[in-house]
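Below is protein_24.cif, which holds mmCIF, C-alpha atoms.
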data_target
loop_
_atom_site.label_atom_id
_atom_site.label_comp_id
_atom_site.auth_asym_id
_atom_site.auth_seq_id
_atom_site.Cartn_x
_atom_site.Cartn_y
_atom_site.Cartn_z
CA MET A 99 -6.30 -58.68 128.75
CA ILE A 100 -4.75 -55.90 130.88
CA LEU A 101 -1.33 -55.08 132.30
CA LEU A 102 -1.00 -53.71 135.82
CA ASP A 103 1.56 -51.04 136.66
CA THR A 104 3.65 -51.80 139.73
CA HIS A 105 1.81 -49.41 142.04
CA VAL A 106 -1.54 -50.80 140.89
CA LEU A 107 -0.35 -54.30 141.73
CA LEU A 108 0.50 -53.09 145.24
CA TRP A 109 -2.81 -51.24 145.59
CA LEU A 110 -4.69 -54.37 144.54
CA VAL A 111 -2.87 -56.58 147.06
CA ASP A 112 -3.27 -54.02 149.86
CA GLY A 113 -6.90 -53.20 149.10
CA ASP A 114 -5.74 -49.59 148.81
CA ARG A 115 -8.53 -47.07 148.27
CA ARG A 116 -6.44 -45.21 145.69
CA LEU A 117 -7.44 -47.99 143.30
CA GLY A 118 -10.76 -46.66 142.09
CA ALA A 119 -13.95 -48.69 142.07
CA GLY A 120 -14.15 -48.55 138.27
CA ALA A 121 -10.58 -49.76 137.82
CA ARG A 122 -11.08 -52.49 140.43
CA GLU A 123 -14.19 -53.66 138.56
CA ILE A 124 -12.29 -53.75 135.26
CA ILE A 125 -9.56 -55.82 136.90
CA GLU A 126 -12.10 -58.21 138.43
CA GLU A 127 -13.94 -58.67 135.12
CA THR A 128 -10.90 -59.06 132.86
CA PRO A 129 -10.01 -62.72 132.33
CA ALA A 130 -6.29 -62.21 131.60
CA ILE A 131 -4.30 -59.99 133.97
CA PHE A 132 -0.54 -59.51 133.69
CA PHE A 133 2.28 -57.67 135.39
CA SER A 134 5.70 -57.07 133.91
CA ALA A 135 8.77 -58.85 135.22
CA MET A 136 10.12 -55.30 135.57
CA SER A 137 7.72 -54.84 138.49
CA ALA A 138 9.91 -57.29 140.42
CA TRP A 139 12.96 -55.14 139.70
CA GLU A 140 11.08 -51.98 140.61
CA LEU A 141 9.81 -53.43 143.90
CA ALA A 142 13.30 -54.64 144.84
CA MET A 143 14.82 -51.24 144.04
CA LEU A 144 12.18 -49.39 146.06
CA VAL A 145 12.63 -51.66 149.08
CA CYS A 146 16.44 -51.56 148.83
CA GLY A 147 16.37 -47.76 148.62
CA ASP A 148 14.06 -47.49 151.65
CA LYS A 149 11.33 -45.88 149.52
CA LEU A 150 8.88 -48.71 150.13
CA ALA A 151 8.25 -50.81 153.21
CA LEU A 152 6.68 -54.22 152.67
CA GLU A 153 5.54 -56.77 155.21
CA MET A 154 7.28 -59.45 153.10
CA THR A 155 10.10 -59.59 150.58
CA PRO A 156 9.36 -58.50 147.01
CA ALA A 157 9.78 -62.15 145.94
CA ALA A 158 7.25 -63.32 148.54
CA LEU A 159 4.84 -60.56 147.52
CA LEU A 160 4.96 -61.59 143.88
CA ARG A 161 4.56 -65.27 144.78
CA TYR A 162 1.51 -64.24 146.83
CA VAL A 163 0.11 -62.34 143.84
CA VAL A 164 0.56 -65.31 141.50
CA ASP A 165 -0.80 -67.81 144.04
CA ASN A 166 -3.80 -65.72 145.13
CA SER A 167 -4.96 -63.85 142.04
CA ARG A 168 -5.33 -64.30 138.34
CA ALA A 169 -2.35 -61.99 137.65
CA ARG A 170 0.56 -63.59 135.82
CA GLU A 171 4.06 -62.36 135.12
CA ILE A 172 5.11 -61.52 131.59
CA ALA A 173 8.79 -61.53 130.68
CA VAL A 174 10.52 -58.66 128.92
CA ASP A 175 11.73 -59.53 125.44
CA THR A 176 14.04 -57.85 122.95
CA ASP A 177 11.25 -56.11 121.05
CA MET A 178 9.88 -54.61 124.26
CA ALA A 179 13.33 -53.43 125.30
CA LEU A 180 13.94 -51.84 121.90
CA ASP A 181 10.53 -50.13 121.96
CA ALA A 182 11.16 -48.78 125.47
CA GLY A 183 14.60 -47.52 124.51
CA GLY A 184 13.26 -45.88 121.36
CA MET A 185 10.56 -43.86 123.09
CA PRO A 186 11.26 -40.12 123.19
CA ARG A 187 13.13 -39.25 126.39
CA ALA A 188 10.56 -36.61 127.30
CA ILE A 189 7.83 -39.26 127.57
CA HIS A 190 9.14 -40.76 130.79
CA GLY A 191 12.58 -40.85 132.37
CA ASP A 192 12.01 -43.99 134.44
CA PRO A 193 13.36 -47.01 132.52
CA CYS A 194 11.04 -49.39 134.36
CA ASP A 195 7.96 -47.40 133.39
CA ARG A 196 9.18 -47.23 129.79
CA ILE A 197 9.53 -51.03 129.69
CA ILE A 198 6.10 -51.49 131.28
CA MET A 199 4.61 -49.17 128.63
CA ALA A 200 6.39 -51.12 125.88
CA THR A 201 5.06 -54.35 127.35
CA ALA A 202 1.48 -53.08 127.17
CA ARG A 203 2.06 -52.00 123.58
CA ALA A 204 3.54 -55.40 122.68
CA LEU A 205 0.53 -57.15 124.21
CA GLY A 206 -1.87 -54.70 122.57
CA CYS A 207 -3.63 -54.26 125.88
CA PRO A 208 -4.37 -51.38 128.23
CA LEU A 209 -2.00 -50.53 131.06
CA VAL A 210 -3.79 -49.84 134.34
CA THR A 211 -1.88 -46.98 135.95
CA ALA A 212 -2.20 -43.74 137.88
CA ASP A 213 1.07 -42.37 136.50
CA ARG A 214 0.22 -38.99 134.97
CA LYS A 215 3.04 -39.11 132.41
CA ILE A 216 1.91 -42.52 131.19
CA LEU A 217 -1.72 -41.41 131.07
CA ALA A 218 -0.71 -38.32 129.04
CA TYR A 219 1.27 -40.52 126.63
CA ALA A 220 -1.82 -42.70 126.26
CA ALA A 221 -4.08 -39.69 125.73
CA ALA A 222 -1.80 -38.68 122.85
CA GLY A 223 -2.60 -42.02 121.19
CA HIS A 224 0.65 -43.91 121.79
CA LEU A 225 -0.64 -46.43 124.28
CA LYS A 226 -3.86 -47.84 125.65
CA ALA A 227 -4.30 -47.02 129.33
CA ILE A 228 -6.89 -47.11 132.09
CA ASP A 229 -6.68 -44.56 134.88
CA ALA A 230 -6.38 -46.63 138.06
CA ARG A 231 -8.07 -43.87 140.08
CA ILE A 232 -11.42 -44.10 138.27
#
Could you render the structure from this file as structure tokens?
Amino acid sequence: MILLDTHVLLWLVDGDRRLGAGAREIIEETPAIFFSAMSAWELAMLVCGDKLALEMTPAALLRYVVDNSRAREIAVDTDMALDAGGMPRAIHGDPCDRIIMATARALGCPLVTADRKILAYAAAGHLKAIDARI
């Protein structure tokens, strides 16, 4: 089981070369692939703020992901929210990333990401992570 960070989900859909061959292979070989419901919020915020241009709405993109891949959405629960809120502020200032990290911890699975702050947090032993660029 693995959890995909929002940008990794986009890279996977787009066939983006920033998603490394090793990470792509891990994704292809892992039977259970998830993305956080917070990725929907993050995509909507990025599109609304003109920081991301999509060829379809965020809702349509996520429907496409669910219909055309093995990735499934996982809801955020109270324990995840409490874990995210309790992480030291210096770890990551982005609330969405904090919730995605807490989701991976709750699932006990690696988070596939290229976010350097998340990878550093994982390297310190607080989270399992896979560098999406490998």
| Can you list what the PyMOL selection byres ((chain A and resi 198-201) around 9) grabs from this structure, as JSON, numbers by chain? | {"A": [101, 102, 103, 104, 133, 134, 135, 136, 137, 172, 173, 174, 175, 177, 178, 179, 180, 181, 182, 185, 193, 194, 195, 196, 197, 202, 203, 204, 205, 206, 207, 209, 216, 225]}
Grab all the atoms of range 174-178 of chain A that the file lists, wrap them in a box along x, y and z, add 5 Å per side, and give me centre plus edge lengths in Å (one decimal) as AutoDock Vina command-line options.
--center_x 12.0 --center_y -57.1 --center_z 125.0 --size_x 14.2 --size_y 14.9 --size_z 17.9
| message | As an exercise, work out the distance from CA of Asn166 in chain A to CA of Ala119 in chain A in Å and give it to one decimal place. | response |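 Computed distance, CA of Asn166 in chain A to CA of Ala119 in chain A, equals 20.1 Å.
Among A:Tyr162, A:Leu117, A:Met99, A:Ile131, the residue with the shortest atom-to-atom distance to Thr211 in chain A, counting all atoms listed in the file, is A:Leu117.
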| task | Determine, counting only C-alpha atoms, which protein, DNA and RNA residues have an atom within 7 Å of an atom of Ala227 in chain A; residues of the same chain fewer than 6 positions away are not included. Present the result as a PyMOL selection string. | result | chain A and resi 208-210+217+220
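Ranking A:Ala142, A:Ala218, A:Ile100, A:Ala230 by their shortest atom-to-atom distance to Ala169 in chain A, with all atoms listed in the file included, puts A:Ile100 first.
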| remark: Between A:Leu110, A:Ile124, A:Leu159, A:Ile189, smallest distance to Leu141 in chain A by only C-alpha atoms belongs to A:Leu159
| query | Between CA of Ile232 in chain A and CA of Leu144 in chain A, what is the spacing in Å? | reply |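 Distance between the two atoms: 25.4 Å.
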| field | Selected residue of minimal separation from Asp112 in chain A among A:Glu153, A:Asp229, A:Asp192, A:Asp165, counting only C-alpha atoms | value |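 Ranked by minimum distance to Asp112 in chain A, first place goes to A:Glu153.
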| task | Work out how far apart CA of Arg170 in chain A and CA of Ile125 in chain A are and give it in Å to one decimal. | result |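 Going from CA of Arg170 in chain A over to CA of Ile125 in chain A, I get 12.8 Å.
Proximity to Pro156 in chain A was assessed for A:Ala221, A:Ala130, A:Ala188, A:Leu108 counting all atoms listed in the file; the smallest distance is recorded for A:Leu108.
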| remark: Nearest to Val163 in chain A, restricted to all atoms listed in the file and choosing among A:Ala151, A:Ile228, A:Ala222, A:Ala138, comes out as A:Ala138
